[in-house]
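Just query14.txt here, compact mmCIF, C-alpha atoms:
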```txt
# COMPACT_ATOMS: atom_id res chain seq x y z
CA MET A 1 0.00 0.00 0.00
CA ARG A 2 1.37 3.40 -1.01
CA ASN A 3 1.45 6.26 1.48
CA VAL A 4 -1.13 8.96 0.91
CA THR A 5 -2.06 12.26 2.55
CA LEU A 6 -5.51 13.79 2.82
CA VAL A 7 -5.10 17.58 2.80
CA LEU A 8 -8.11 19.70 3.75
CA SER A 9 -8.58 23.24 2.45
CA ASP A 10 -7.67 24.66 5.87
CA GLY A 11 -4.30 22.90 5.70
CA THR A 12 -5.12 20.03 8.07
CA GLU A 13 -3.42 16.79 7.04
CA PHE A 14 -4.25 13.13 7.66
CA HIS A 15 -1.86 10.36 6.65
CA GLY A 16 -2.86 6.88 5.52
CA LYS A 17 -2.46 4.13 2.93
CA SER A 18 -4.03 3.60 -0.48
CA PHE A 19 -6.15 0.48 -1.01
CA GLY A 20 -8.18 1.53 -4.06
CA PHE A 21 -7.31 2.91 -7.47
CA GLU A 22 -4.06 4.84 -7.35
CA LYS A 23 -4.69 8.39 -8.49
CA ALA A 24 -4.70 11.78 -6.83
CA VAL A 25 -8.17 13.28 -6.51
CA ALA A 26 -9.90 16.37 -5.12
CA GLY A 27 -13.46 17.05 -3.99
CA GLU A 28 -15.74 18.01 -1.13
CA VAL A 29 -14.95 15.97 2.00
CA VAL A 30 -18.12 14.73 3.74
CA PHE A 31 -18.82 12.11 6.39
CA ASN A 32 -21.40 9.33 6.63
CA THR A 33 -22.21 7.86 10.06
CA ALA A 34 -23.98 4.71 8.81
CA MET A 35 -22.70 1.38 10.13
CA MET A 36 -23.27 -0.44 6.83
CA GLY A 37 -24.33 0.09 3.23
CA TYR A 38 -21.11 1.08 1.46
CA PRO A 39 -22.13 -0.59 -1.86
CA GLU A 40 -25.40 1.39 -1.91
CA SER A 41 -23.77 4.64 -0.76
CA LEU A 42 -20.91 4.50 -3.24
CA THR A 43 -23.38 3.98 -6.12
CA ASP A 44 -25.72 6.76 -4.95
CA PRO A 45 -25.39 9.56 -7.57
CA SER A 46 -25.94 12.11 -4.78
CA TYR A 47 -22.29 11.55 -3.74
CA ALA A 48 -20.94 12.74 -7.10
CA GLY A 49 -17.89 14.94 -6.64
CA GLN A 50 -17.43 14.05 -2.97
CA LEU A 51 -14.74 12.29 -0.94
CA MET A 52 -16.84 10.11 1.35
CA THR A 53 -15.64 9.41 4.88
CA PHE A 54 -17.18 6.51 6.78
CA THR A 55 -17.16 7.07 10.53
CA PHE A 56 -17.83 3.40 11.28
CA PRO A 57 -14.29 2.07 11.80
CA LEU A 58 -14.43 -1.26 9.93
CA VAL A 59 -15.30 -1.15 6.23
CA GLY A 60 -15.06 -3.86 3.58
CA ASN A 61 -15.67 -6.85 5.83
CA TYR A 62 -18.70 -8.10 3.87
CA GLY A 63 -17.28 -7.53 0.41
CA VAL A 64 -19.24 -6.39 -2.63
CA PRO A 65 -22.33 -8.01 -4.22
CA PRO A 66 -22.56 -8.80 -7.94
CA PHE A 67 -23.38 -6.02 -10.37
CA THR A 68 -26.35 -7.83 -11.93
CA PHE A 69 -29.47 -6.27 -13.43
CA ASN A 70 -33.14 -7.29 -13.45
CA ALA A 71 -35.59 -7.40 -16.35
CA ASP A 72 -36.34 -3.68 -15.97
CA GLY A 73 -32.67 -2.84 -16.43
CA LEU A 74 -32.25 -1.82 -12.79
CA PRO A 75 -29.31 -3.12 -10.72
CA ASP A 76 -30.27 -5.85 -8.25
CA TYR A 77 -28.00 -4.79 -5.37
CA MET A 78 -26.67 -1.32 -6.23
CA GLU A 79 -28.31 2.10 -6.53
CA SER A 80 -27.04 3.01 -10.00
CA ASP A 81 -24.82 1.79 -12.82
CA ARG A 82 -21.46 2.67 -11.23
CA ILE A 83 -19.62 4.29 -8.31
CA TYR A 84 -20.32 8.04 -8.18
CA ALA A 85 -18.33 9.05 -5.10
CA SER A 86 -14.92 10.45 -6.04
CA ALA A 87 -13.14 8.52 -3.25
CA ILE A 88 -13.73 6.62 -0.02
CA ILE A 89 -11.94 7.35 3.29
CA VAL A 90 -11.96 4.74 6.09
CA ALA A 91 -10.20 4.01 9.37
CA ASP A 92 -9.72 0.26 8.92
CA TYR A 93 -10.17 -1.49 5.58
CA SER A 94 -10.74 -5.23 5.89
CA GLU A 95 -8.93 -7.16 3.16
CA ALA A 96 -10.75 -10.34 4.20
CA TYR A 97 -14.50 -10.41 3.58
CA SER A 98 -17.33 -12.85 4.20
CA HIS A 99 -20.92 -12.66 3.00
CA TRP A 100 -23.28 -15.05 1.18
CA ASN A 101 -23.75 -12.55 -1.65
CA ALA A 102 -20.19 -11.21 -1.97
CA VAL A 103 -18.29 -11.81 -5.21
CA GLU A 104 -15.26 -9.54 -4.74
CA SER A 105 -13.49 -7.29 -2.29
CA LEU A 106 -14.13 -3.57 -1.92
CA ALA A 107 -10.55 -2.90 -3.06
CA SER A 108 -10.92 -4.84 -6.31
CA TRP A 109 -14.20 -3.06 -7.06
CA LEU A 110 -12.66 0.37 -6.45
CA LYS A 111 -9.70 -0.46 -8.67
CA ARG A 112 -11.92 -1.71 -11.48
CA GLU A 113 -13.99 1.49 -11.38
CA LYS A 114 -10.89 3.70 -10.96
CA VAL A 115 -11.97 5.14 -7.60
CA PRO A 116 -9.36 5.85 -4.87
CA GLY A 117 -9.74 4.40 -1.40
CA ILE A 118 -7.58 5.29 1.61
CA THR A 119 -7.33 3.58 5.00
CA GLY A 120 -5.51 4.22 8.27
CA ILE A 121 -7.12 7.65 8.61
CA ASP A 122 -8.32 8.79 12.03
CA THR A 123 -11.88 9.24 10.83
CA ARG A 124 -13.13 10.22 14.30
CA GLU A 125 -10.76 13.19 14.36
CA LEU A 126 -11.51 14.01 10.70
CA THR A 127 -15.23 14.04 11.47
CA LYS A 128 -14.69 16.30 14.49
CA VAL A 129 -12.81 18.73 12.23
CA LEU A 130 -15.63 18.70 9.65
CA ARG A 131 -18.31 19.13 12.31
CA SER A 132 -16.43 22.07 13.82
CA HIS A 133 -15.42 23.81 10.61
CA GLY A 134 -18.11 22.48 8.28
CA VAL A 135 -17.58 20.37 5.19
CA MET A 136 -14.64 21.58 3.15
CA MET A 137 -12.69 20.78 0.04
CA GLY A 138 -9.88 18.25 0.23
CA LYS A 139 -7.26 16.45 -1.82
CA ILE A 140 -5.92 12.91 -1.67
CA LEU A 141 -2.23 13.07 -2.61
CA PHE A 142 0.34 10.32 -3.06
CA ASP A 143 3.43 11.02 -0.98
CA ASP A 144 5.78 9.80 -3.73
CA GLU A 145 4.17 12.11 -6.32
CA PRO A 146 4.46 15.54 -4.65
CA ASP A 147 3.95 17.41 -7.92
CA ASN A 148 0.68 15.66 -8.80
CA VAL A 149 -1.80 18.01 -7.11
CA PRO A 150 -5.36 17.94 -8.57
CA GLU A 151 -7.78 20.84 -8.39
CA ALA A 152 -11.37 20.26 -7.33
CA ASP A 153 -14.16 21.08 -9.75
CA TYR A 154 -17.09 21.45 -7.34
CA GLU A 155 -18.37 24.92 -6.45
CA GLY A 156 -21.04 26.07 -8.92
CA VAL A 157 -20.91 22.81 -10.88
CA ASN A 158 -24.29 21.41 -11.96
CA PHE A 159 -23.73 17.81 -10.85
CA VAL A 160 -27.37 16.97 -11.53
CA ASP A 161 -26.73 17.49 -15.25
CA LYS A 162 -23.75 15.14 -15.00
CA VAL A 163 -25.68 12.24 -13.44
CA SER A 164 -29.18 12.57 -14.93
CA CYS A 165 -30.33 10.32 -17.78
CA LYS A 166 -30.11 11.85 -21.26
CA GLN A 167 -33.28 10.40 -22.74
CA VAL A 168 -36.73 9.19 -21.67
CA ILE A 169 -36.73 5.69 -20.14
CA ARG A 170 -39.91 3.73 -19.36
CA TYR A 171 -40.39 1.04 -16.72
CA ASN A 172 -43.37 -1.26 -16.16
CA GLU A 173 -45.11 -0.03 -19.30
CA GLY A 174 -48.89 -0.41 -19.37
CA ALA A 175 -49.05 -1.41 -15.71
CA GLY A 176 -51.49 1.26 -14.54
CA LYS A 177 -51.18 4.87 -13.46
CA LYS A 178 -48.37 6.76 -15.17
CA VAL A 179 -45.77 8.60 -13.10
CA VAL A 180 -43.23 10.99 -14.60
CA LEU A 181 -40.00 10.72 -12.59
CA VAL A 182 -37.64 13.67 -12.93
CA ASP A 183 -34.15 12.15 -12.78
CA CYS A 184 -31.86 14.44 -10.83
CA GLY A 185 -29.65 11.46 -9.92
CA VAL A 186 -32.31 8.95 -8.90
CA LYS A 187 -31.51 5.94 -6.73
CA ALA A 188 -32.64 2.63 -8.21
CA ASN A 189 -34.69 1.74 -5.15
CA ILE A 190 -36.96 4.74 -5.69
CA ILE A 191 -37.90 3.28 -9.07
CA ARG A 192 -38.21 -0.22 -7.53
CA CYS A 193 -40.59 1.13 -4.86
CA LEU A 194 -42.82 2.72 -7.49
CA ILE A 195 -42.81 -0.38 -9.71
CA ARG A 196 -43.76 -2.59 -6.75
CA ARG A 197 -46.82 -0.43 -6.26
CA GLY A 198 -48.05 -1.15 -9.76
CA VAL A 199 -47.40 2.11 -11.60
CA GLU A 200 -45.70 2.84 -14.90
CA VAL A 201 -42.60 4.99 -14.44
CA ILE A 202 -41.53 7.45 -17.14
CA ARG A 203 -38.01 8.61 -16.26
CA VAL A 204 -37.06 11.93 -17.85
CA PRO A 205 -33.91 14.11 -17.76
CA TRP A 206 -33.71 16.73 -15.01
CA ASN A 207 -34.52 19.69 -17.32
CA TYR A 208 -37.08 17.94 -19.53
CA ASP A 209 -40.41 19.70 -20.18
CA TYR A 210 -42.96 17.00 -19.36
CA THR A 211 -45.95 19.30 -18.97
CA ASP A 212 -47.57 18.20 -22.25
CA MET A 213 -47.07 14.47 -21.58
CA ASP A 214 -49.84 12.04 -20.64
CA PHE A 215 -49.28 11.13 -16.97
CA ASP A 216 -51.12 10.90 -13.65
CA GLY A 217 -48.49 12.08 -11.17
CA LEU A 218 -45.08 13.72 -10.89
CA PHE A 219 -42.16 12.38 -8.85
CA LEU A 220 -39.08 14.52 -8.18
CA ALA A 221 -36.00 12.42 -7.41
CA ASN A 222 -32.84 12.90 -5.37
CA GLY A 223 -29.56 14.19 -6.77
CA PRO A 224 -26.18 15.74 -5.98
CA GLY A 225 -24.89 19.25 -5.48
CA ASP A 226 -26.51 22.65 -5.17
CA PRO A 227 -30.21 22.87 -6.13
CA ASP A 228 -29.70 26.51 -7.11
CA THR A 229 -27.89 25.21 -10.23
CA CYS A 230 -31.14 23.51 -11.33
CA GLU A 231 -33.26 26.53 -12.16
CA ASP A 232 -34.38 24.95 -15.46
CA ALA A 233 -36.01 22.11 -13.51
CA VAL A 234 -37.69 24.57 -11.13
CA LYS A 235 -39.21 26.50 -14.05
CA VAL A 236 -40.82 23.32 -15.42
CA ILE A 237 -42.12 22.37 -11.95
CA ARG A 238 -43.67 25.84 -11.54
CA LYS A 239 -45.27 25.48 -14.97
CA GLN A 240 -46.74 22.11 -14.01
CA LEU A 241 -48.08 23.38 -10.67
CA SER A 242 -49.71 26.36 -12.36
CA MET A 243 -51.61 24.26 -14.88
CA SER A 244 -52.63 21.11 -12.98
CA ARG A 245 -53.51 19.66 -9.56
CA LYS A 246 -51.92 16.32 -10.44
CA PRO A 247 -50.18 14.72 -7.43
CA VAL A 248 -46.53 15.61 -6.87
CA CYS A 249 -44.05 13.88 -4.57
CA GLY A 250 -40.37 14.66 -4.04
CA ILE A 251 -37.41 13.09 -2.25
CA CYS A 252 -34.21 14.85 -1.11
CA MET A 253 -33.22 17.12 -4.03
CA GLY A 254 -36.87 16.77 -5.06
CA ASN A 255 -37.91 18.39 -1.76
CA GLN A 256 -35.57 21.30 -2.41
CA LEU A 257 -36.71 21.80 -6.02
CA LEU A 258 -40.38 21.68 -4.97
CA GLY A 259 -39.53 24.15 -2.21
CA LYS A 260 -37.91 26.50 -4.71
CA ALA A 261 -40.97 26.19 -6.97
CA ALA A 262 -43.06 27.14 -3.91
CA GLY A 263 -41.01 30.31 -3.47
CA ALA A 264 -38.64 29.11 -0.76
CA THR A 265 -34.91 29.71 -0.59
CA ILE A 266 -32.24 27.05 -0.06
CA TYR A 267 -29.24 27.21 2.26
CA LYS A 268 -26.22 24.98 2.78
CA LEU A 269 -26.01 22.98 5.99
CA LYS A 270 -22.78 23.21 7.96
CA TYR A 271 -21.93 19.54 7.51
CA GLY A 272 -25.07 17.97 6.05
CA HIS A 273 -27.06 14.90 7.01
CA ARG A 274 -25.53 11.64 5.81
CA SER A 275 -26.56 8.73 7.99
CA HIS A 276 -29.17 6.07 8.77
CA ASN A 277 -30.29 7.49 12.10
CA GLN A 278 -31.71 10.97 11.58
CA PRO A 279 -34.90 11.47 13.69
CA VAL A 280 -37.68 13.45 12.03
CA ARG A 281 -41.07 14.44 13.42
CA LEU A 282 -44.32 14.63 11.50
CA VAL A 283 -45.39 18.23 12.07
CA GLY A 284 -48.51 18.58 14.21
CA THR A 285 -48.04 15.17 15.83
CA ASP A 286 -45.79 13.38 18.30
CA LYS A 287 -44.84 10.80 15.68
CA CYS A 288 -41.10 10.53 15.13
CA TYR A 289 -39.35 8.40 12.52
CA ILE A 290 -35.76 7.21 12.10
CA THR A 291 -34.62 8.01 8.57
CA SER A 292 -31.82 7.54 6.08
CA GLN A 293 -30.46 10.79 4.66
CA ASN A 294 -27.87 12.14 2.26
CA HIS A 295 -27.96 15.86 1.59
CA GLY A 296 -25.93 19.00 2.18
CA TYR A 297 -28.63 21.63 1.56
CA ALA A 298 -32.00 22.39 3.15
CA VAL A 299 -35.18 24.35 2.50
CA ASP A 300 -35.64 27.52 4.55
CA ALA A 301 -39.17 26.76 5.77
CA HIS A 302 -39.70 30.40 6.84
CA SER A 303 -39.49 31.44 3.18
CA LEU A 304 -42.26 29.12 1.94
CA GLY A 305 -45.29 30.68 0.29
CA THR A 306 -48.47 31.07 2.34
CA ASP A 307 -50.12 28.10 0.61
CA TRP A 308 -47.37 25.76 1.82
CA GLU A 309 -46.32 24.35 5.19
CA GLU A 310 -43.72 22.06 6.73
CA LEU A 311 -44.52 18.34 6.70
CA PHE A 312 -41.52 16.99 8.65
CA VAL A 313 -38.86 18.61 10.82
CA ASN A 314 -35.45 17.30 11.92
CA MET A 315 -35.31 16.62 15.65
CA ASN A 316 -31.56 17.19 15.88
CA ASP A 317 -31.18 20.65 14.36
CA GLY A 318 -34.73 21.79 13.54
CA SER A 319 -34.08 21.91 9.78
CA ASN A 320 -36.81 21.19 7.27
CA GLU A 321 -37.41 17.54 6.35
CA GLY A 322 -40.41 17.89 4.05
CA ILE A 323 -43.11 20.24 2.81
CA ARG A 324 -46.72 20.02 1.60
CA HIS A 325 -49.30 22.21 -0.06
CA LYS A 326 -52.23 23.10 2.15
CA THR A 327 -54.92 22.12 -0.38
CA ASN A 328 -53.34 20.32 -3.36
CA PRO A 329 -51.81 16.78 -3.29
CA TRP A 330 -48.22 18.04 -3.43
CA PHE A 331 -45.76 16.88 -0.76
CA SER A 332 -42.14 15.83 -0.31
CA SER A 333 -39.52 14.55 2.12
CA GLN A 334 -35.91 15.59 2.56
CA PHE A 335 -35.05 12.12 3.85
CA HIS A 336 -35.05 8.87 1.85
CA PRO A 337 -38.19 6.79 2.54
CA GLU A 338 -36.87 4.07 0.22
CA ALA A 339 -33.65 3.96 2.33
CA CYS A 340 -31.51 1.16 0.82
CA SER A 341 -29.46 1.01 2.80
CA GLY A 342 -31.07 2.11 6.04
CA PRO A 343 -34.40 1.97 7.90
CA VAL A 344 -37.62 1.68 5.87
CA ASP A 345 -39.89 3.17 8.54
CA THR A 346 -41.14 5.87 6.17
CA GLU A 347 -41.80 3.84 3.01
CA PHE A 348 -45.45 4.76 3.54
CA MET A 349 -44.62 7.95 1.62
CA PHE A 350 -44.81 5.90 -1.58
CA ASP A 351 -48.14 4.41 -0.52
CA LYS A 352 -49.57 7.87 0.10
CA PHE A 353 -48.35 9.09 -3.28
CA VAL A 354 -49.87 6.14 -5.16
CA GLU A 355 -53.13 6.59 -3.23
CA THR A 356 -53.36 10.18 -4.42
CA LEU A 357 -52.96 8.98 -8.02
CA LYS A 358 -56.14 6.95 -7.65
CA ALA A 359 -58.13 9.61 -5.79
```
Output the file's structure as structure tokens, nothing else.
Amino acid sequence: MRNVTLVLSDGTEFHGKSFGFEKAVAGEVVFNTAMMGYPESLTDPSYAGQLMTFTFPLVGNYGVPPFTFNADGLPDYMESDRIYASAIIVADYSEAYSHWNAVESLASWLKREKVPGITGIDTRELTKVLRSHGVMMGKILFDDEPDNVPEADYEGVNFVDKVSCKQVIRYNEGAGKKVVLVDCGVKANIIRCLIRRGVEVIRVPWNYDYTDMDFDGLFLANGPGDPDTCEDAVKVIRKQLSMSRKPVCGICMGNQLLGKAAGATIYKLKYGHRSHNQPVRLVGTDKCYITSQNHGYAVDAHSLGTDWEELFVNMNDGSNEGIRHKTNPWFSSQFHPEACSGPVDTEFMFDKFVETLKA
């Protein structure tokens, strides 16, 4: 293993060893506190452009499942067609793995997909730095290549455009109600959850004008980066809301885009929510749910239009976790009700959306 150094934008350095693909890389350094789920997280397009730190100390011990696809063209065990995170940072990488569904090690997968992985990092201290300072840019450098210093291409980049599909894709054709899914970087399990509920899914690019299409409901998917770079998508959403009461549901980036269409502003969280254990409360009740999350931005609920209100609120920091229209069937969640990996306590969000299609 070659010696590597993680250098944060404030000059802080962490030294470790390379176990993935050997190349210098730069990006936004974030942390994920989940205890498991690295195959799903690495293939989540919402991590595009980021150096992902796992706070759970042991990573790689259950290997990597096969990259197989079902009849709909969706991956069986992953959340997209490839790894989207720019790198993975862990405290202790396990070379040995054991799992009934594992076909290769994490290291071999990273090398095949040309993604760096570094181990031996004090991820507890790194996370404390990020929590204190806030997420920041960082570089993974090889100690024996001091002149190979990459520059990060992150601020102001429209990552949604990089990860969204480029053409219309249909799933479960002719099954029943038709749902247009705006692909901002959609996780495969969102599509699986909709298909399991007997609807046809029409997946369109993030900036596609679907307002003249024949469909029964609109679904706004998750995605990476800053929602303020997605004004084209917001314009189409506003157009749709102005001309129809058709049901609308959003997840993660979808919550932020719906919020912007409702007149709200977006702000960047200090260090984001990336975990399987974020508690959220259903507004107006004492019901609290444990949720899986992956986002660095939030809706400023105080800036919502008068026809809108908060649906969920985060119990840790009070940030918005979902919105709804007071009279029309339009609602969203900042968390991931489909989880994968993570708790599925809130998968009822899909049931409620499909119910509104039939109302």
Straight-line distance linking CA of Arg112 in chain A with CA of Asp183 in chain A, stated in Å to one decimal: 26.2 Å
For Val30 in chain A: contacts at 6 Å, all atoms listed in the file, fewer than 5 positions along chain excluded, given as a PyMOL selection string: chain A and resi 52-53+135
Top pick for closest residue to Val115 in chain A, considering A:Ile195, A:Ala91, A:Val186, A:Ala24 and counting only C-alpha atoms: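 Residue with the minimum atom-to-atom distance to Val115 in chain A: A:Ala24.
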Point (-46.8, 7.7, -0.5) neighbourhood (12 Å, all atoms listed in the file) written as a ChimeraX atom specification: /A:190,193-194,197,217,219,247-251,329-333,337-338,346-358
Within 12 Å of Lys270 in chain A using all atoms listed in the file, minus same-chain residues under 2 positions, as a list in words: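 Residues near the query, excluding close chain neighbours: Val30, Phe31, Val129, Leu130, Arg131, Ser132, His133, Gly134, Val135, Met136, Tyr267, Lys268, Gly272, His273, His295, Gly296, Tyr297, Ala298, Asp317 and Ser319 of chain A.
Among the candidates A:Ser164, A:Thr33, A:Gln50, A:Asn158, the residue lying nearest to Arg124 in chain A is A:Thr33 (atoms considered: all atoms listed in the file).
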Ref. answer, residues at most 8 Å from (-41.5, 19.4, 1.1) with all atoms listed in the file, as a PyMOL selection string: chain A and resi 250+255-256+258-259+310-312+320-324+331-334
Nearest-residue call for Glu13 in chain A, choices A:Leu269, A:Ile121, A:Leu304, A:Val182, using only C-alpha atoms: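 With only C-alpha atoms as the atom set, the closest residue is A:Ile121.
Restricting the calculation to all atoms listed in the file, the smallest distance between Ile237 in chain A and any of A:Leu58, A:Leu220, A:Ile290, A:Ile140 is found for A:Leu220.
For the set A:Leu218, A:Ala261, A:Leu42, A:Val344, the residue with the smallest atom-to-atom gap to Glu231 in chain A is A:Ala261, counting all atoms listed in the file.
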Coordinates-based distance that separates CA of Gly37 in chain A from CA of Ala339 in chain A (Å, one decimal): 10.1 Å
